[in-house]
file final_36.tsv (TSV, C-alpha atoms)
chain	number	residue	atom	x	y	z
A	1	MET	CA	-122.57	171.32	2.07
A	2	GLN	CA	-119.57	169.09	2.69
A	3	ILE	CA	-116.95	169.27	5.43
A	4	GLU	CA	-113.61	167.53	5.21
A	5	ALA	CA	-110.88	167.64	7.83
A	6	ARG	CA	-107.16	167.75	7.08
A	7	VAL	CA	-104.21	167.71	9.43
A	8	ALA	CA	-102.20	170.92	9.36
A	9	ILE	CA	-99.22	172.29	11.22
A	10	GLY	CA	-100.41	172.90	14.74
A	11	GLY	CA	-104.00	172.06	14.06
A	12	THR	CA	-106.74	170.98	11.70
A	13	ILE	CA	-108.07	172.44	8.49
A	14	LEU	CA	-111.80	172.11	7.89
A	15	ASP	CA	-112.58	172.44	4.17
A	16	ILE	CA	-116.14	173.61	3.70
A	17	THR	CA	-117.82	173.24	0.33
A	18	GLY	CA	-121.28	174.58	-0.55
A	19	ASP	CA	-123.74	176.90	1.11
A	20	ILE	CA	-123.81	177.50	4.86
A	21	ASP	CA	-127.47	178.20	5.39
A	22	LEU	CA	-130.27	177.21	7.73
A	23	ALA	CA	-130.19	173.67	6.39
A	24	HIS	CA	-126.47	173.15	6.79
A	25	SER	CA	-125.11	175.45	9.47
A	26	PRO	CA	-125.90	172.92	12.25
A	27	ALA	CA	-123.47	170.47	10.61
A	28	MET	CA	-120.74	173.09	10.49
A	29	ARG	CA	-121.42	174.05	14.09
A	30	ARG	CA	-121.09	170.42	15.20
A	31	ALA	CA	-117.83	169.98	13.28
A	32	LEU	CA	-116.39	173.19	14.70
A	33	LEU	CA	-117.32	172.47	18.29
A	34	GLN	CA	-116.07	168.91	18.01
A	35	GLU	CA	-112.65	170.13	16.93
A	36	ILE	CA	-112.50	172.90	19.49
A	37	LYS	CA	-114.17	171.39	22.56
A	38	GLU	CA	-113.81	167.63	22.24
A	39	LYS	CA	-110.51	167.28	20.40
A	40	ARG	CA	-109.10	170.47	21.89
A	41	THR	CA	-107.31	171.28	18.67
A	42	PRO	CA	-105.06	174.29	19.30
A	43	LYS	CA	-105.60	175.82	15.86
A	44	VAL	CA	-108.72	175.26	13.76
A	45	PHE	CA	-108.44	176.62	10.23
A	46	LEU	CA	-111.72	177.09	8.40
A	47	ASN	CA	-111.22	177.01	4.64
A	48	LEU	CA	-114.12	178.97	3.10
A	49	GLU	CA	-112.77	179.16	-0.46
A	50	LYS	CA	-115.59	176.99	-1.78
A	51	VAL	CA	-118.38	178.55	0.23
A	52	ARG	CA	-120.71	180.46	-2.07
A	53	TYR	CA	-123.18	181.64	0.52
A	54	ILE	CA	-123.46	182.08	4.26
A	55	ASP	CA	-126.51	183.26	6.16
A	56	SER	CA	-127.02	184.57	9.68
A	57	SER	CA	-127.29	181.06	11.09
A	58	GLY	CA	-123.87	180.28	9.60
A	59	ILE	CA	-122.45	183.45	11.13
A	60	ALA	CA	-124.00	182.47	14.46
A	61	SER	CA	-122.23	179.10	14.25
A	62	LEU	CA	-118.92	180.84	13.56
A	63	VAL	CA	-119.43	183.16	16.53
A	64	GLU	CA	-120.20	180.17	18.71
A	65	GLY	CA	-117.02	178.49	17.50
A	66	LEU	CA	-115.04	181.63	18.19
A	67	LYS	CA	-116.35	181.85	21.74
A	68	ALA	CA	-115.58	178.18	22.32
A	69	SER	CA	-112.04	178.62	21.01
A	70	ARG	CA	-111.48	181.60	23.31
A	71	ASP	CA	-112.77	179.57	26.23
A	72	GLN	CA	-110.35	176.77	25.35
A	73	GLY	CA	-107.46	179.12	24.72
A	74	SER	CA	-107.22	177.93	21.12
A	75	ARG	CA	-107.50	179.79	17.82
A	76	LEU	CA	-110.17	179.77	15.11
A	77	ILE	CA	-108.72	181.06	11.84
A	78	LEU	CA	-110.77	181.75	8.70
A	79	TYR	CA	-109.40	182.07	5.18
A	80	GLY	CA	-110.48	182.18	1.54
A	81	LEU	CA	-113.62	184.27	2.05
A	82	SER	CA	-115.58	184.96	-1.12
A	83	LYS	CA	-117.08	188.36	-1.85
A	84	THR	CA	-120.45	187.14	-0.65
A	85	VAL	CA	-119.07	185.83	2.64
A	86	ARG	CA	-117.04	189.02	3.18
A	87	GLU	CA	-120.16	191.12	2.64
A	88	VAL	CA	-122.02	189.19	5.30
A	89	MET	CA	-119.07	189.50	7.68
A	90	GLU	CA	-119.02	193.25	7.12
A	91	LEU	CA	-122.79	193.53	7.57
A	92	SER	CA	-122.39	191.71	10.88
A	93	ARG	CA	-119.42	193.95	11.78
A	94	LEU	CA	-117.49	190.83	12.64
A	95	GLN	CA	-114.63	191.09	10.17
A	96	LYS	CA	-112.40	192.53	12.88
A	97	ILE	CA	-113.50	190.08	15.52
A	98	PHE	CA	-112.42	187.02	13.57
A	99	GLU	CA	-108.90	186.18	12.53
A	100	ILE	CA	-109.20	186.25	8.73
A	101	HIS	CA	-106.58	185.61	6.08
A	102	ASP	CA	-106.70	185.65	2.30
A	103	SER	CA	-105.01	182.33	1.62
A	104	GLU	CA	-104.16	179.03	3.25
A	105	ALA	CA	-100.45	179.85	3.17
A	106	GLN	CA	-101.04	183.09	5.06
A	107	ALA	CA	-103.32	181.37	7.53
A	108	LEU	CA	-100.84	178.59	8.25
A	109	ALA	CA	-98.01	181.09	8.64
A	110	SER	CA	-99.95	183.18	11.14
B	1	MET	CA	-125.04	167.03	-14.49
B	2	PRO	CA	-128.66	165.83	-14.50
B	3	GLN	CA	-131.29	168.35	-15.49
B	4	VAL	CA	-134.54	169.07	-13.80
B	5	ASP	CA	-137.85	170.05	-15.19
B	6	ILE	CA	-138.87	172.02	-12.16
B	7	ALA	CA	-142.44	172.43	-13.31
B	8	ARG	CA	-142.70	168.66	-12.99
B	9	GLY	CA	-140.30	168.62	-10.09
B	10	ARG	CA	-138.16	165.68	-11.14
B	11	PRO	CA	-134.58	165.38	-12.26
B	12	ASP	CA	-134.11	164.11	-15.79
B	13	ASP	CA	-131.42	161.47	-16.08
B	14	GLY	CA	-131.13	162.03	-19.84
B	15	LYS	CA	-132.68	158.69	-20.66
B	16	GLY	CA	-136.24	159.76	-20.31
B	17	LYS	CA	-136.48	158.22	-16.86
B	18	ARG	CA	-137.29	160.34	-13.88
B	19	PRO	CA	-135.88	159.39	-10.49
B	20	PRO	CA	-137.95	159.84	-7.31
B	21	LEU	CA	-138.79	163.35	-6.29
B	22	GLY	CA	-136.78	163.49	-3.09
B	23	ARG	CA	-136.61	166.78	-1.27
B	24	LEU	CA	-137.47	168.93	-4.23
B	25	ALA	CA	-141.04	167.77	-3.89
B	26	ASP	CA	-141.34	170.15	-0.99
B	27	LEU	CA	-141.27	173.07	-3.34
B	28	LYS	CA	-144.17	173.55	-5.66
B	29	VAL	CA	-143.97	176.13	-8.43
B	30	SER	CA	-147.32	177.35	-9.58
B	31	ALA	CA	-149.23	179.85	-11.60
B	32	THR	CA	-147.11	182.43	-13.22
B	33	ILE	CA	-143.84	180.77	-14.04
B	34	ARG	CA	-144.26	179.66	-17.60
B	35	THR	CA	-141.26	177.38	-17.71
B	36	ILE	CA	-138.21	176.72	-15.64
B	37	ARG	CA	-135.59	174.53	-17.15
B	38	ASN	CA	-131.98	173.55	-17.08
B	39	ILE	CA	-131.67	173.17	-13.35
B	40	GLU	CA	-128.29	171.65	-12.65
B	41	PHE	CA	-127.52	169.63	-9.60
B	42	GLY	CA	-124.16	169.37	-7.92
B	43	GLY	CA	-123.33	167.26	-4.97
B	44	GLU	CA	-126.45	165.59	-3.73
B	45	GLY	CA	-128.91	167.93	-5.28
B	46	LYS	CA	-127.92	170.72	-2.98
B	47	TYR	CA	-126.72	173.15	-5.56
B	48	PHE	CA	-128.98	174.63	-8.13
B	49	GLY	CA	-128.28	176.96	-11.04
B	50	CYS	CA	-131.31	177.72	-13.11
B	51	GLN	CA	-132.44	179.53	-16.17
B	52	VAL	CA	-135.94	180.88	-15.94
B	53	ALA	CA	-138.28	182.01	-18.67
B	54	TRP	CA	-140.40	184.74	-17.22
B	55	ASN	CA	-143.98	185.62	-17.89
B	56	MET	CA	-143.99	189.39	-17.76
B	57	ALA	CA	-147.48	190.02	-19.09
B	58	LEU	CA	-149.75	189.52	-16.17
B	59	SER	CA	-152.32	191.77	-14.63
B	60	PRO	CA	-151.11	194.72	-12.55
B	61	ARG	CA	-151.50	194.32	-8.88
B	62	ARG	CA	-153.52	196.41	-6.56
B	63	ALA	CA	-151.93	199.73	-5.78
B	64	THR	CA	-149.16	199.36	-3.28
B	65	GLY	CA	-149.97	200.34	0.24
B	66	THR	CA	-153.74	200.38	-0.02
B	67	GLN	CA	-156.25	198.28	1.86
B	68	ARG	CA	-153.78	197.14	4.43
B	69	SER	CA	-154.52	196.64	8.06
B	70	SER	CA	-152.28	196.62	11.09
B	71	LYS	CA	-149.33	197.72	9.05
B	72	ASN	CA	-146.06	197.90	10.88
B	73	ILE	CA	-143.14	199.35	9.04
B	74	ILE	CA	-140.20	197.70	10.69
B	75	SER	CA	-137.73	199.36	8.45
B	76	GLY	CA	-138.84	201.24	5.38
B	77	MET	CA	-136.59	204.18	4.85
B	78	GLY	CA	-139.55	206.32	3.90
B	79	VAL	CA	-137.46	208.17	1.38
B	80	PRO	CA	-138.92	209.71	-1.76
B	81	VAL	CA	-138.09	207.49	-4.68
B	82	ARG	CA	-138.53	209.27	-7.96
B	83	GLY	CA	-141.67	211.08	-6.93
B	84	VAL	CA	-143.20	208.36	-4.84
B	85	ARG	CA	-143.04	208.61	-1.11
B	86	VAL	CA	-143.34	205.28	0.58
B	87	SER	CA	-143.89	205.58	4.26
B	88	LYS	CA	-146.40	204.92	6.97
B	89	THR	CA	-148.27	208.12	6.19
B	90	ARG	CA	-148.08	208.09	2.47
B	91	SER	CA	-150.94	209.30	0.31
B	92	LYS	CA	-153.49	206.94	-1.06
B	93	GLY	CA	-156.07	207.06	-3.76
B	94	ARG	CA	-156.37	208.20	-7.34
B	95	GLY	CA	-154.19	210.85	-8.86
B	96	LYS	CA	-151.18	209.96	-6.80
B	97	ALA	CA	-148.07	208.46	-8.28
B	98	GLN	CA	-148.26	204.79	-7.50
B	99	PRO	CA	-145.89	202.21	-8.85
B	100	LYS	CA	-147.28	199.80	-11.36
B	101	SER	CA	-146.25	196.26	-10.96
B	102	GLU	CA	-146.23	193.05	-12.88
B	103	MET	CA	-146.17	189.61	-11.42
B	104	LEU	CA	-142.94	187.82	-12.15
B	105	LEU	CA	-143.42	184.61	-10.29
B	106	LYS	CA	-145.18	182.87	-7.46
B	107	LEU	CA	-143.75	180.08	-5.42
B	108	GLU	CA	-145.52	177.83	-3.01
B	109	LEU	CA	-143.05	176.10	-0.79
B	110	GLN	CA	-142.99	174.31	2.50
B	111	SER	CA	-141.11	175.25	5.62
B	112	ASN	CA	-138.19	173.03	4.70
B	113	PRO	CA	-134.70	174.56	4.98
B	114	GLU	CA	-133.60	172.38	2.06
B	115	ALA	CA	-135.78	174.48	-0.25
B	116	LEU	CA	-133.91	177.70	0.52
B	117	CYS	CA	-131.11	177.09	-1.97
B	118	LEU	CA	-133.60	176.74	-4.78
B	119	VAL	CA	-135.36	179.97	-3.80
B	120	ARG	CA	-132.00	181.77	-3.67
B	121	ALA	CA	-131.14	180.65	-7.19
B	122	THR	CA	-134.54	181.75	-8.47
B	123	ILE	CA	-134.41	185.17	-6.81
B	124	GLU	CA	-130.87	185.76	-7.99
B	125	ARG	CA	-131.96	185.13	-11.56
B	126	ALA	CA	-135.00	187.40	-11.13
B	127	ALA	CA	-132.77	190.22	-9.88
B	128	GLU	CA	-130.47	189.76	-12.88
B	129	VAL	CA	-133.41	189.88	-15.26
B	130	LEU	CA	-134.44	193.19	-13.67
B	131	HIS	CA	-130.93	194.59	-14.24
B	132	PHE	CA	-129.82	194.79	-10.65
B	133	GLN	CA	-126.08	194.92	-10.17
B	134	ALA	CA	-124.39	191.88	-8.69
B	135	ALA	CA	-124.07	193.40	-5.21
B	136	GLU	CA	-127.72	194.46	-5.23
B	137	ALA	CA	-128.79	191.04	-6.42
B	138	ARG	CA	-126.84	189.45	-3.58
B	139	ALA	CA	-128.57	191.81	-1.14
B	140	ILE	CA	-132.00	190.79	-2.43
B	141	VAL	CA	-131.11	187.11	-2.26
B	142	ARG	CA	-129.80	187.53	1.28
B	143	SER	CA	-132.98	189.28	2.42
B	144	VAL	CA	-135.33	186.69	0.96
B	145	ASP	CA	-133.26	183.86	2.39
B	146	GLU	CA	-133.15	185.42	5.85
B	147	ALA	CA	-136.85	186.23	5.80
B	148	LEU	CA	-137.74	182.67	4.83
B	149	ALA	CA	-135.40	181.31	7.49
B	150	ASN	CA	-137.19	183.49	10.05
B	151	VAL	CA	-140.55	182.15	8.94
B	152	ILE	CA	-139.30	178.58	9.26
B	153	ARG	CA	-137.65	179.12	12.63
B	154	HIS	CA	-140.03	181.50	14.35
B	155	ALA	CA	-143.45	181.42	12.69
B	156	TYR	CA	-143.39	177.63	12.31
B	157	GLY	CA	-141.06	176.85	15.22
B	158	GLY	CA	-138.66	174.94	13.00
B	159	ARG	CA	-141.31	172.45	11.91
B	160	ALA	CA	-141.16	171.32	8.31
B	161	GLY	CA	-144.10	170.89	5.97
B	162	HIS	CA	-145.97	174.13	6.58
B	163	PRO	CA	-146.95	176.40	3.69
B	164	ILE	CA	-145.14	179.55	2.66
B	165	GLU	CA	-146.17	181.61	-0.34
B	166	MET	CA	-143.75	183.89	-2.08
B	167	SER	CA	-144.60	186.27	-4.88
B	168	CYS	CA	-142.22	188.48	-6.76
B	169	ARG	CA	-143.25	191.54	-8.76
B	170	LYS	CA	-141.52	193.96	-11.04
B	171	LEU	CA	-142.19	197.56	-10.00
B	172	GLN	CA	-142.44	200.34	-12.53
B	173	LEU	CA	-142.64	203.93	-11.39
B	174	GLY	CA	-142.34	205.52	-14.83
B	175	PRO	CA	-145.55	206.08	-16.74
B	176	GLN	CA	-144.51	205.36	-20.28
B	177	ASN	CA	-141.77	202.81	-20.45
B	178	ALA	CA	-141.19	199.23	-19.60
B	179	ALA	CA	-138.01	199.77	-17.65
B	180	PRO	CA	-138.07	198.01	-14.31
B	181	ASP	CA	-137.61	200.29	-11.33
B	182	GLY	CA	-137.49	197.74	-8.63
B	183	ILE	CA	-138.52	194.42	-7.27
B	184	GLU	CA	-141.16	193.68	-4.66
B	185	ILE	CA	-141.20	190.40	-2.78
B	186	LEU	CA	-144.11	189.28	-0.65
B	187	LEU	CA	-143.95	186.39	1.77
B	188	LYS	CA	-147.05	184.94	3.36
B	189	ASP	CA	-147.21	182.31	6.08
B	190	SER	CA	-149.82	180.85	8.38
B	191	GLY	CA	-147.56	180.56	11.39
B	192	VAL	CA	-147.93	182.04	14.83
B	193	PRO	CA	-148.48	185.80	14.88
B	194	VAL	CA	-145.25	187.72	14.89
B	195	LYS	CA	-145.09	190.45	17.49
B	196	PRO	CA	-143.87	193.67	15.91
B	197	ALA	CA	-142.10	194.56	19.14
B	198	THR	CA	-139.86	191.56	18.62
B	199	LEU	CA	-138.82	192.71	15.18
B	200	LYS	CA	-136.14	195.03	16.38
B	201	GLY	CA	-132.98	193.05	15.80
B	202	ARG	CA	-130.15	193.68	18.20
B	203	SER	CA	-127.15	195.85	18.70
B	204	LEU	CA	-124.16	194.74	16.67
B	205	ASP	CA	-121.80	195.93	19.38
B	206	GLU	CA	-122.56	192.74	21.21
B	207	VAL	CA	-120.69	189.74	19.82
B	208	ARG	CA	-122.98	186.78	20.27
B	209	PRO	CA	-124.70	184.21	18.08
B	210	GLY	CA	-128.13	184.96	16.62
B	211	GLY	CA	-130.32	187.97	15.99
B	212	LEU	CA	-128.62	189.05	12.78
B	213	GLY	CA	-131.18	188.04	10.17
B	214	LEU	CA	-133.44	191.04	10.60
B	215	HIS	CA	-130.44	193.33	10.58
B	216	PHE	CA	-129.35	191.85	7.24
B	217	ILE	CA	-132.81	192.41	5.78
B	218	ARG	CA	-132.99	196.00	6.97
B	219	GLU	CA	-129.56	196.79	5.64
B	220	SER	CA	-130.20	195.14	2.30
B	221	MET	CA	-133.66	196.34	1.28
B	222	ASP	CA	-135.17	199.78	0.73
B	223	GLU	CA	-138.52	198.96	2.30
B	224	VAL	CA	-139.54	196.27	4.75
B	225	GLU	CA	-143.08	196.02	6.07
B	226	PHE	CA	-144.70	193.48	8.29
B	227	THR	CA	-148.47	193.03	8.31
B	228	ARG	CA	-150.80	190.58	9.99
B	229	LYS	CA	-153.91	190.03	7.90
B	230	LYS	CA	-156.61	187.38	7.86
B	231	GLY	CA	-154.64	185.17	10.18
B	232	LYS	CA	-151.49	185.30	8.10
B	233	ASN	CA	-148.14	186.99	8.47
B	234	LEU	CA	-147.25	189.10	5.46
B	235	LEU	CA	-143.79	190.46	4.83
B	236	ARG	CA	-143.25	192.90	1.99
B	237	MET	CA	-139.75	193.81	0.88
B	238	VAL	CA	-138.81	196.22	-1.88
B	239	LYS	CA	-135.51	196.99	-3.52
B	240	TYR	CA	-135.23	199.80	-6.05
B	241	LEU	CA	-132.76	200.00	-8.86
B	242	SER	CA	-130.12	202.59	-8.15
B	243	PRO	CA	-130.67	205.75	-10.24
B	244	THR	CA	-127.39	205.26	-12.11
B	245	ARG	CA	-128.27	201.69	-12.95
B	246	LEU	CA	-131.72	202.74	-14.13
B	247	GLN	CA	-130.33	205.47	-16.36
B	248	GLN	CA	-127.81	203.03	-17.78
B	249	HIS	CA	-130.56	200.55	-18.54
B	250	LEU	CA	-132.72	203.20	-20.21
B	251	LYS	CA	-129.79	204.45	-22.27
B	252	GLU	CA	-128.98	200.95	-23.44
B	253	ASN	CA	-132.57	200.54	-24.54
B	254	GLY	CA	-132.81	203.90	-26.31
B	255	LYS	CA	-135.06	205.49	-23.75
B	256	CYS	CA	-134.55	208.42	-21.50
B	257	ARG	CA	-136.26	209.75	-18.47
call {"tool": "encode", "arguments": {"input": "final_36.tsv", "output": "structure tokens"}}
result
Amino acid sequence: MQIEARVAIGGTILDITGDIDLAHSPAMRRALLQEIKEKRTPKVFLNLEKVRYIDSSGIASLVEGLKASRDQGSRLILYGLSKTVREVMELSRLQKIFEIHDSEAQALAS
Amino acid sequence: MPQVDIARGRPDDGKGKRPPLGRLADLKVSATIRTIRNIEFGGEGKYFGCQVAWNMALSPRRATGTQRSSKNIISGMGVPVRGVRVSKTRSKGRGKAQPKSEMLLKLELQSNPEALCLVRATIERAAEVLHFQAAEARAIVRSVDEALANVIRHAYGGRAGHPIEMSCRKLQLGPQNAAPDGIEILLKDSGVPVKPATLKGRSLDEVRPGGLGLHFIRESMDEVEFTRKKGKNLLRMVKYLSPTRLQQHLKENGKCR
């Protein structure tokens, strides 16, 4: 899994590539919490277009990021979810808890 | 893309030279896989797509559900599936409809999270070979991945290098044809005993990290059983082909049921 950060309007985009599983979710968690807690970025966009798989540990990292962003008064915005990622979100009943958009343009405009 | 001869466990650089094993050495494929080839790496060896040649002609396994001890059905819908009732109280012995099964593959791996992506690719291909639809295949992959992650995290406390055995069998409920009716996956580990009382998952109404893996497995598989036997944790998961998918498969192959 690879994570790259880009500057966006009002925040940072984290481009995730690969599988978010037990081996790699800790790295995503660190990157998320660094943006939210340490850098206090007001909007963190998580680009999941190139994520083929996410497991429960990845979902747990997202939930942790969401809680941290609420604590900071910032926003965590997800976009580009694949069918596999959407299925896991629905199984977790979290699709309505997260702010999710189809595309980067929609996410940035939100 | 370099290719890997997984049976030998080394990437082939195309020049006949084989680089060091690296992390793949943690996963040993044994016994019933005849050949696995054309593994492609992307990134730093963290993506695997594989084509697997299956050995489908192995001895049938012992009848499902017999000779078990301390069985705890943590999910298991207990629903009749084409004449076979699979539940805690199901009938045993001769004369009862019991699914036949054939070994598809056995994997011996270590409790290394890096091995999970390779197992996912293998299970996905196995589900495709057994004619599961894409969504069902994803459900099977998800369950196996979550179950293995639980073994690594809980049974082995996150420590790498401990053994996990996985076997995968093709289930056949029909008496006279070779159509697959389902897939059975068995995981065996030598970790600390798992307390059945802890295998409850949690309410999804509560938004908090963790505790979702078991929920995913329950939602994704038709049967889930946990057993402790001879000092080992055994997890058995079964997914049946949907009736429409089975009929479609039989029709395509000129058979009817």
call {"tool": "atom_distance", "arguments": {"input": "final_36.tsv", "atom1": "atom CA of Lys67 of chain A", "atom2": "atom CA of Ile3 of chain A"}}
result
20.6 Å
call {"tool": "atom_distance", "arguments": {"input": "final_36.tsv", "atom1": "atom CA of Gln95 of chain A", "atom2": "atom CA of Leu78 of chain A"}}
result
10.2 Å
call {"tool": "closest_residue", "arguments": {"input": "final_36.tsv", "among": "B:Arg125, B:Lys195, B:His215, B:Lys106", "to": "chain A", "atoms": "all atoms listed in the file"}}
result
B:His215
call {"tool": "atom_distance", "arguments": {"input": "final_36.tsv", "atom1": "atom CA of His131 of chain B", "atom2": "atom CA of Lys100 of chain B"}}
result
17.4 Å
call {"tool": "closest_residue", "arguments": {"input": "final_36.tsv", "among": "B:Leu187, B:Leu130, B:Leu148, B:Met103", "to": "chain A", "atoms": "all atoms listed in the file"}}
result
B:Leu148
call {"tool": "closest_atom_pairs", "arguments": {"input": "final_36.tsv", "of": "chain A", "to": "chain B", "cutoff": "6 Å", "atoms": "all atoms listed in the file", "output": "CSV"}}
result
residue,atom,partner,partner_atom,distance
A:Leu22,CA,B:Pro113,CA,5.8
A:Ala23,CA,B:Pro113,CA,4.8
A:Ser56,CA,B:Gly213,CA,5.4
A:Ala60,CA,B:Pro209,CA,4.1
A:Val63,CA,B:Pro209,CA,5.6
call {"tool": "residues_around", "arguments": {"input": "final_36.tsv", "residues": "segment 37-49 of chain A", "least_positions_apart": "3", "cutoff": "7 Å", "atoms": "only C-alpha atoms", "output": "PyMOL selection string"}}
result
chain A and resi 10-16+33-34+68+74-82
